[in-house]
file my_file-v9.pdb (PDB, C-alpha atoms and all ligand atoms)
ATOM      1  CA  MET C   1      14.651  35.756  -0.184
ATOM      2  CA  ASN C   2      11.681  38.085  -0.254
ATOM      3  CA  ARG C   3       8.550  36.560   1.287
ATOM      4  CA  SER C   4       5.573  37.621  -0.804
ATOM      5  CA  TYR C   5       3.026  35.763   1.318
ATOM      6  CA  GLU C   6       2.958  34.233   4.809
ATOM      7  CA  LYS C   7       0.254  32.685   6.951
ATOM      8  CA  THR C   8       0.238  30.403  10.012
ATOM      9  CA  PHE C   9      -2.404  27.790  10.829
ATOM     10  CA  SER C  10      -3.000  26.203  14.242
ATOM     11  CA  VAL C  11      -3.658  22.484  14.399
ATOM     12  CA  GLU C  12      -5.151  20.850  17.477
ATOM     13  CA  GLY C  13      -4.014  17.356  18.429
ATOM     14  CA  GLY C  14      -6.770  14.728  18.513
ATOM     15  CA  ASN C  15      -9.274  16.853  16.603
ATOM     16  CA  PHE C  16     -10.047  14.697  13.565
ATOM     17  CA  ASP C  17     -13.125  16.800  12.747
ATOM     18  CA  ASN C  18     -10.772  19.472  11.382
ATOM     19  CA  ALA C  19      -8.523  17.058   9.498
ATOM     20  CA  GLY C  20      -7.621  18.492   6.109
ATOM     21  CA  MET C  21      -8.806  22.049   6.800
ATOM     22  CA  ALA C  22      -5.355  23.665   6.586
ATOM     23  CA  SER C  23      -4.617  21.758   3.405
ATOM     24  CA  ILE C  24      -7.859  22.922   1.749
ATOM     25  CA  GLU C  25      -7.216  26.549   2.714
ATOM     26  CA  ILE C  26      -3.585  26.495   1.607
ATOM     27  CA  LYS C  27      -4.621  25.006  -1.739
ATOM     28  CA  LYS C  28      -7.033  27.900  -2.263
ATOM     29  CA  ILE C  29      -4.451  30.524  -1.238
ATOM     30  CA  LEU C  30      -1.818  29.118  -3.604
ATOM     31  CA  LYS C  31      -4.290  28.949  -6.501
ATOM     32  CA  ASP C  32      -5.253  32.580  -5.848
ATOM     33  CA  LEU C  33      -1.537  33.447  -5.941
ATOM     34  CA  GLN C  34      -1.469  31.773  -9.367
ATOM     35  CA  ILE C  35       1.053  29.138  -8.342
ATOM     36  CA  SER C  36       1.207  26.314 -10.904
ATOM     37  CA  ASP C  37      -1.092  23.301 -10.447
ATOM     38  CA  ASP C  38       1.759  20.850  -9.902
ATOM     39  CA  VAL C  39       3.306  22.960  -7.124
ATOM     40  CA  VAL C  40      -0.126  23.490  -5.507
ATOM     41  CA  ARG C  41      -0.778  19.738  -5.595
ATOM     42  CA  LYS C  42       2.563  18.918  -3.939
ATOM     43  CA  ALA C  43       2.094  21.594  -1.261
ATOM     44  CA  ALA C  44      -1.458  20.390  -0.517
ATOM     45  CA  ILE C  45      -0.260  16.806  -0.032
ATOM     46  CA  ALA C  46       2.636  17.888   2.195
ATOM     47  CA  VAL C  47       0.341  20.054   4.343
ATOM     48  CA  TYR C  48      -2.365  17.373   4.537
ATOM     49  CA  GLU C  49       0.076  14.708   5.740
ATOM     50  CA  SER C  50       1.659  17.177   8.180
ATOM     51  CA  GLU C  51      -1.623  18.193   9.758
ATOM     52  CA  LEU C  52      -2.777  14.580  10.023
ATOM     53  CA  ASN C  53       0.410  13.708  11.882
ATOM     54  CA  ILE C  54      -0.097  16.582  14.333
ATOM     55  CA  ILE C  55      -3.713  15.518  14.894
ATOM     56  CA  SER C  56      -2.761  11.843  15.229
ATOM     57  CA  TYR C  57       0.347  12.079  17.400
ATOM     58  CA  ALA C  58       0.919  15.520  18.931
ATOM     59  CA  ARG C  59      -0.856  17.834  21.402
ATOM     60  CA  ASN C  60      -0.901  20.814  19.110
ATOM     61  CA  GLY C  61       1.056  22.391  16.317
ATOM     62  CA  HIS C  62       1.487  25.183  13.809
ATOM     63  CA  ILE C  63       1.848  25.085  10.066
ATOM     64  CA  THR C  64       3.355  28.174   8.440
ATOM     65  CA  LEU C  65       3.047  28.668   4.705
ATOM     66  CA  TYR C  66       5.395  31.171   3.119
ATOM     67  CA  VAL C  67       5.853  31.879  -0.514
ATOM     68  CA  THR C  68       8.983  33.395  -2.026
ATOM     69  CA  ASP C  69       9.877  34.263  -5.620
ATOM     70  CA  ASP C  70      11.336  30.806  -6.168
ATOM     71  CA  ALA C  71       9.522  28.438  -3.791
ATOM     72  CA  VAL C  72       6.541  27.482  -1.681
ATOM     73  CA  ASN C  73       7.725  26.705   1.848
ATOM     74  CA  VAL C  74       5.909  24.907   4.651
ATOM     75  CA  ASP C  75       7.218  24.969   8.207
ATOM     76  CA  VAL C  76       5.587  22.530  10.634
ATOM     77  CA  ARG C  77       6.161  22.554  14.397
ATOM     78  CA  ASP C  78       4.399  20.580  17.059
ATOM     79  CA  GLU C  79       4.451  20.027  20.771
ATOM     80  CA  GLY C  80       4.190  16.333  21.425
ATOM     81  CA  PRO C  81       6.055  13.094  22.061
ATOM     82  CA  GLY C  82       8.598  13.638  19.274
ATOM     83  CA  ILE C  83      10.027  10.851  17.138
ATOM     84  CA  GLU C  84      12.655   8.551  18.629
ATOM     85  CA  ASP C  85      13.953   6.974  15.410
ATOM     86  CA  ILE C  86      13.480   9.340  12.460
ATOM     87  CA  GLU C  87      15.038   6.989   9.915
ATOM     88  CA  LEU C  88      12.518   4.291  10.864
ATOM     89  CA  ALA C  89       9.583   6.749  10.888
ATOM     90  CA  MET C  90      10.516   7.855   7.348
ATOM     91  CA  LYS C  91      10.301   4.297   5.964
ATOM     92  CA  PRO C  92       7.205   3.682   3.842
ATOM     93  CA  GLY C  93       4.858   1.343   5.715
ATOM     94  CA  TYR C  94       6.173   2.069   9.217
ATOM     95  CA  SER C  95       3.405   3.270  11.534
ATOM     96  CA  THR C  96       2.560   3.381  15.216
ATOM     97  CA  ALA C  97      -1.041   4.473  14.487
ATOM     98  CA  THR C  98      -3.589   3.167  16.979
ATOM     99  CA  GLU C  99      -6.507   0.941  15.999
ATOM    100  CA  GLN C 100      -8.782   3.997  16.296
ATOM    101  CA  ILE C 101      -6.665   5.945  13.790
ATOM    102  CA  ARG C 102      -6.528   2.982  11.389
ATOM    103  CA  GLN C 103     -10.311   2.645  11.504
ATOM    104  CA  MET C 104     -10.546   6.212  10.205
ATOM    105  CA  GLY C 105      -8.453   5.159   7.222
ATOM    106  CA  PHE C 106      -5.085   6.555   8.315
ATOM    107  CA  GLY C 107      -1.951   4.769   9.475
ATOM    108  CA  ALA C 108      -0.561   3.331   6.238
ATOM    109  CA  GLY C 109       2.841   4.660   7.235
ATOM    110  CA  MET C 110       3.117   6.697   4.034
ATOM    111  CA  GLY C 111       2.736  10.285   5.297
ATOM    112  CA  LEU C 112       6.337  11.319   5.922
ATOM    113  CA  TYR C 113       7.509   9.441   2.832
ATOM    114  CA  ASN C 114       4.896  11.269   0.726
ATOM    115  CA  ILE C 115       5.965  14.638   2.135
ATOM    116  CA  LYS C 116       9.575  13.897   1.228
ATOM    117  CA  THR C 117       8.581  12.785  -2.278
ATOM    118  CA  CYS C 118       6.644  16.026  -2.851
ATOM    119  CA  SER C 119       9.504  18.208  -1.576
ATOM    120  CA  ASP C 120      12.547  19.573  -3.350
ATOM    121  CA  ARG C 121      14.098  20.035   0.082
ATOM    122  CA  PHE C 122      12.850  18.262   3.192
ATOM    123  CA  GLU C 123      14.303  18.480   6.687
ATOM    124  CA  ILE C 124      12.981  16.779   9.789
ATOM    125  CA  SER C 125      14.183  17.106  13.351
ATOM    126  CA  SER C 126      12.634  15.977  16.588
ATOM    127  CA  THR C 127      13.269  15.995  20.312
ATOM    128  CA  VAL C 128      11.682  13.174  22.288
ATOM    129  CA  GLY C 129       9.279  14.560  24.874
ATOM    130  CA  GLU C 130       9.211  17.988  23.202
ATOM    131  CA  GLY C 131       8.098  17.842  19.594
ATOM    132  CA  THR C 132       8.827  17.622  15.904
ATOM    133  CA  HIS C 133       9.824  20.127  13.237
ATOM    134  CA  LEU C 134       9.497  19.736   9.467
ATOM    135  CA  SER C 135      10.916  22.129   6.911
ATOM    136  CA  ILE C 136       9.494  21.659   3.414
ATOM    137  CA  LYS C 137      10.458  23.499   0.253
ATOM    138  CA  ILE C 138       8.795  23.081  -3.134
ATOM    139  CA  ASN C 139      10.463  24.914  -6.014
ATOM    140  CA  ARG C 140       8.333  27.062  -8.322
ATOM    141  CA  ASN C 141      10.690  26.219 -11.192
ATOM    142  CA  GLY C 142      11.029  29.671 -12.672
ATOM    143  CA  GLN C 143       7.261  29.985 -12.920
TER     144      GLN C 143
HETATM  145  N1  LIG A   1       4.423  14.760  14.508
HETATM  146  C1  LIG A   1       4.712  13.538  14.974
HETATM  147  N2  LIG A   1       4.913  13.339  16.306
HETATM  148  C2  LIG A   1       5.232  12.109  16.779
HETATM  149  N3  LIG A   1       5.347  11.012  16.014
HETATM  150  C3  LIG A   1       5.154  11.154  14.682
HETATM  151  C4  LIG A   1       4.820  12.411  14.095
HETATM  152  N4  LIG A   1       4.720  12.248  12.762
HETATM  153  C5  LIG A   1       4.963  10.956  12.525
HETATM  154  N5  LIG A   1       5.228  10.281  13.663
HETATM  155  C6  LIG A   1       5.607   8.847  13.794
HETATM  156  O1  LIG A   1       6.112   8.405  12.539
HETATM  157  C7  LIG A   1       5.297   7.334  12.035
HETATM  158  C8  LIG A   1       5.218   7.428  10.529
HETATM  159  O2  LIG A   1       4.495   8.604  10.151
HETATM  160  P1  LIG A   1       3.781   8.662   8.735
HETATM  161  O3  LIG A   1       3.064   9.954   8.608
HETATM  162  O4  LIG A   1       4.789   8.320   7.693
HETATM  163  O5  LIG A   1       2.750   7.451   8.791
HETATM  164  P2  LIG A   1       1.392   7.303   9.635
HETATM  165  O6  LIG A   1       0.967   8.630  10.148
HETATM  166  O7  LIG A   1       1.622   6.235  10.638
HETATM  167  O8  LIG A   1       0.385   6.789   8.512
HETATM  168  P3  LIG A   1      -0.212   7.664   7.282
HETATM  169  O9  LIG A   1       0.481   8.986   7.308
HETATM  170  O10 LIG A   1       0.095   6.877   6.043
HETATM  171  O11 LIG A   1      -1.689   7.772   7.556
HETATM  172  C9  LIG A   1       3.976   7.481  12.770
HETATM  173  O12 LIG A   1       3.253   6.265  12.826
HETATM  174  C10 LIG A   1       4.428   7.958  14.147
HETATM  175  O13 LIG A   1       4.931   6.877  14.902
HETATM  176 MG    MG A   2       0.910  10.274   8.835
END

call {"tool": "encode", "arguments": {"input": "my_file-v9.pdb", "output": "structure tokens"}}
result
Amino acid sequence: MNRSYEKTFSVEGGNFDNAGMASIEIKKILKDLQISDDVVRKAAIAVYESELNIISYARNGHITLYVTDDAVNVDVRDEGPGIEDIELAMKPGYSTATEQIRQMGFGAGMGLYNIKTCSDRFEISSTVGEGTHLSIKINRNGQ
């Protein structure tokens, strides 16, 4: 499928000062591309939760946005501890967030579940000791 737009964002682990920056920029890009509000909203949530997870748990990561004729796609890769039990991590309410992260208002255990809910196709894979990969697709619904 023809990629009409592509951009990659770097996300630094532990840097909460930048939390939400990729999501804000992606929202603006998608609006400028005249993607429908509902698709923009879903993509912004998926990117926000993805970048927060990189910041909270990994050393660093990359988020690539690419838009095709039929979908908005988000590819997320990080270098970090990985996820041992993906099924458990996907469960709403499950979290290993530290006290410090919880005090900042994160750690409800809803991030991955929210990403899946916003996606028309969601794939997650992880290697312990190496990192995690998310593949997110949000359909443009013949827009
Ligand atoms: N990129 C990642 N690398 C390593 N572990 C991760 C990563 N993303 C998620 N996890 C693990 O999966 C758990 C669930 O993640 P999820 O995003 O659903 O919730 P949370 O980050 O704990 O809380 P919330 O997203 O609601 O603030 C995390 O607590 C963490 O243990
Ligand atoms: Mg999270």

call {"tool": "residues_near_ligand", "arguments": {"input": "my_file-v9.pdb", "ligand": "ligand MG 2 (chain A)", "cutoff": "6 Å", "atoms": "all atoms listed in the file", "output": "compact mmCIF listing (two decimals) with C-alpha atoms, in the frame of the given file"}}
result
# COMPACT_ATOMS: atom_id res chain seq x y z
CA GLU C 49 0.08 14.71 5.74
CA LEU C 52 -2.78 14.58 10.02
CA ASN C 53 0.41 13.71 11.88
CA GLY C 111 2.74 10.28 5.30

call {"tool": "resolve_selection", "arguments": {"input": "my_file-v9.pdb", "expression": "the PyMOL selection byres (((not hetatm)) within 9 of (chain A and resi 1))", "output": "VMD selection string"}}
result
chain C and resid 49 to 59 61 76 to 86 88 to 98 101 to 102 105 to 115 126 128 131 to 134

call {"tool": "write_last_selection", "arguments": {"input": "my_file-v9.pdb", "atoms": "C-alpha atoms", "output": "PDB file, keeping the file's coordinate frame"}}
result
ATOM      1  CA  GLU C  49       0.076  14.708   5.740  1.00  0.00           C
ATOM      2  CA  SER C  50       1.659  17.177   8.180  1.00  0.00           C
ATOM      3  CA  GLU C  51      -1.623  18.193   9.758  1.00  0.00           C
ATOM      4  CA  LEU C  52      -2.777  14.580  10.023  1.00  0.00           C
ATOM      5  CA  ASN C  53       0.410  13.708  11.882  1.00  0.00           C
ATOM      6  CA  ILE C  54      -0.097  16.582  14.333  1.00  0.00           C
ATOM      7  CA  ILE C  55      -3.713  15.518  14.894  1.00  0.00           C
ATOM      8  CA  SER C  56      -2.761  11.843  15.229  1.00  0.00           C
ATOM      9  CA  TYR C  57       0.347  12.079  17.400  1.00  0.00           C
ATOM     10  CA  ALA C  58       0.919  15.520  18.931  1.00  0.00           C
ATOM     11  CA  ARG C  59      -0.856  17.834  21.402  1.00  0.00           C
ATOM     12  CA  GLY C  61       1.056  22.391  16.317  1.00  0.00           C
ATOM     13  CA  VAL C  76       5.587  22.530  10.634  1.00  0.00           C
ATOM     14  CA  ARG C  77       6.161  22.554  14.397  1.00  0.00           C
ATOM     15  CA  ASP C  78       4.399  20.580  17.059  1.00  0.00           C
ATOM     16  CA  GLU C  79       4.451  20.027  20.771  1.00  0.00           C
ATOM     17  CA  GLY C  80       4.190  16.333  21.425  1.00  0.00           C
ATOM     18  CA  PRO C  81       6.055  13.094  22.061  1.00  0.00           C
ATOM     19  CA  GLY C  82       8.598  13.638  19.274  1.00  0.00           C
ATOM     20  CA  ILE C  83      10.027  10.851  17.138  1.00  0.00           C
ATOM     21  CA  GLU C  84      12.655   8.551  18.629  1.00  0.00           C
ATOM     22  CA  ASP C  85      13.953   6.974  15.410  1.00  0.00           C
ATOM     23  CA  ILE C  86      13.480   9.340  12.460  1.00  0.00           C
ATOM     24  CA  LEU C  88      12.518   4.291  10.864  1.00  0.00           C
ATOM     25  CA  ALA C  89       9.583   6.749  10.888  1.00  0.00           C
ATOM     26  CA  MET C  90      10.516   7.855   7.348  1.00  0.00           C
ATOM     27  CA  LYS C  91      10.301   4.297   5.964  1.00  0.00           C
ATOM     28  CA  PRO C  92       7.205   3.682   3.842  1.00  0.00           C
ATOM     29  CA  GLY C  93       4.858   1.343   5.715  1.00  0.00           C
ATOM     30  CA  TYR C  94       6.173   2.069   9.217  1.00  0.00           C
ATOM     31  CA  SER C  95       3.405   3.270  11.534  1.00  0.00           C
ATOM     32  CA  THR C  96       2.560   3.381  15.216  1.00  0.00           C
ATOM     33  CA  ALA C  97      -1.041   4.473  14.487  1.00  0.00           C
ATOM     34  CA  THR C  98      -3.589   3.167  16.979  1.00  0.00           C
ATOM     35  CA  ILE C 101      -6.665   5.945  13.790  1.00  0.00           C
ATOM     36  CA  ARG C 102      -6.528   2.982  11.389  1.00  0.00           C
ATOM     37  CA  GLY C 105      -8.453   5.159   7.222  1.00  0.00           C
ATOM     38  CA  PHE C 106      -5.085   6.555   8.315  1.00  0.00           C
ATOM     39  CA  GLY C 107      -1.951   4.769   9.475  1.00  0.00           C
ATOM     40  CA  ALA C 108      -0.561   3.331   6.238  1.00  0.00           C
ATOM     41  CA  GLY C 109       2.841   4.660   7.235  1.00  0.00           C
ATOM     42  CA  MET C 110       3.117   6.697   4.034  1.00  0.00           C
ATOM     43  CA  GLY C 111       2.736  10.285   5.297  1.00  0.00           C
ATOM     44  CA  LEU C 112       6.337  11.319   5.922  1.00  0.00           C
ATOM     45  CA  TYR C 113       7.509   9.441   2.832  1.00  0.00           C
ATOM     46  CA  ASN C 114       4.896  11.269   0.726  1.00  0.00           C
ATOM     47  CA  ILE C 115       5.965  14.638   2.135  1.00  0.00           C
ATOM     48  CA  SER C 126      12.634  15.977  16.588  1.00  0.00           C
ATOM     49  CA  VAL C 128      11.682  13.174  22.288  1.00  0.00           C
ATOM     50  CA  GLY C 131       8.098  17.842  19.594  1.00  0.00           C
ATOM     51  CA  THR C 132       8.827  17.622  15.904  1.00  0.00           C
ATOM     52  CA  HIS C 133       9.824  20.127  13.237  1.00  0.00           C
ATOM     53  CA  LEU C 134       9.497  19.736   9.467  1.00  0.00           C
TER      54      LEU C 134
END

call {"tool": "closest_residue", "arguments": {"input": "my_file-v9.pdb", "among": "C:Asn141, C:Ser23, C:Thr8, C:Ser135", "to": "C:Asp70", "atoms": "all atoms listed in the file"}}
result
C:Asn141

call {"tool": "atom_distance", "arguments": {"input": "my_file-v9.pdb", "atom1": "atom CA of C:Asp120", "atom2": "atom CA of C:Val11"}}
result
24.2 Å

call {"tool": "closest_residue", "arguments": {"input": "my_file-v9.pdb", "among": "C:Asp69, C:Glu123, C:Asp75, C:Glu130", "to": "C:Ile35", "atoms": "all atoms listed in the file"}}
result
C:Asp69

call {"tool": "residues_near_point", "arguments": {"input": "my_file-v9.pdb", "point": "(-9.3, 23.1, -1.9)", "cutoff": "12 Å", "atoms": "only C-alpha atoms", "output": "number ranges by chain"}}
result
C: 20-32, 37, 40-41, 43-45, 47-48

call {"tool": "atom_distance", "arguments": {"input": "my_file-v9.pdb", "atom1": "atom CA of C:Met104", "atom2": "atom CA of C:Asn73"}}
result
28.7 Å

call {"tool": "atom_distance", "arguments": {"input": "my_file-v9.pdb", "atom1": "atom CA of C:Arg121", "atom2": "atom CA of C:Ile138"}}
result
6.9 Å

call {"tool": "closest_residue", "arguments": {"input": "my_file-v9.pdb", "among": "C:Gln103, C:Ser119, C:Ser36, C:Ser4", "to": "C:Val74", "atoms": "all atoms listed in the file"}}
result
C:Ser119

call {"tool": "closest_residue", "arguments": {"input": "my_file-v9.pdb", "among": "C:Leu33, C:Ala71, C:Asn60, C:Lys42", "to": "C:Gly14", "atoms": "only C-alpha atoms"}}
result
C:Asn60

call {"tool": "decode", "arguments": {"input": "my_file-v9.pdb", "residues": "stretch 124-135 of chain C", "atoms": "N, CA and C atoms", "output": "tab-separated table (two decimals), in the first residue's frame"}}
result
chain	number	residue	atom	x	y	z
C	124	ILE	N	1.43	-7.23	19.23
C	124	ILE	CA	2.47	-6.94	20.20
C	124	ILE	C	3.40	-8.13	20.28
C	125	SER	N	4.69	-7.85	20.28
C	125	SER	CA	5.66	-8.93	20.48
C	125	SER	C	6.79	-8.37	21.33
C	126	SER	N	7.45	-9.23	22.06
C	126	SER	CA	8.47	-8.75	22.98
C	126	SER	C	9.49	-9.84	23.24
C	127	THR	N	10.73	-9.43	23.41
C	127	THR	CA	11.78	-10.37	23.79
C	127	THR	C	12.39	-9.87	25.10
C	128	VAL	N	12.31	-10.71	26.13
C	128	VAL	CA	12.82	-10.31	27.44
C	128	VAL	C	14.31	-9.99	27.33
C	129	GLY	N	14.68	-8.85	27.90
C	129	GLY	CA	16.08	-8.43	27.87
C	129	GLY	C	16.44	-7.65	26.60
C	130	GLU	N	15.53	-7.60	25.64
C	130	GLU	CA	15.81	-6.87	24.39
C	130	GLU	C	14.86	-5.70	24.16
C	131	GLY	N	13.57	-5.99	24.13
C	131	GLY	CA	12.63	-4.89	23.91
C	131	GLY	C	11.27	-5.35	23.44
C	132	THR	N	10.45	-4.35	23.09
C	132	THR	CA	9.05	-4.60	22.77
C	132	THR	C	8.70	-3.92	21.46
C	133	HIS	N	7.79	-4.55	20.72
C	133	HIS	CA	7.36	-4.01	19.43
C	133	HIS	C	5.83	-4.02	19.35
C	134	LEU	N	5.26	-2.89	19.01
C	134	LEU	CA	3.81	-2.78	18.82
C	134	LEU	C	3.54	-2.40	17.37
C	135	SER	N	2.55	-3.02	16.78
C	135	SER	CA	2.12	-2.65	15.44
C	135	SER	C	0.62	-2.31	15.51
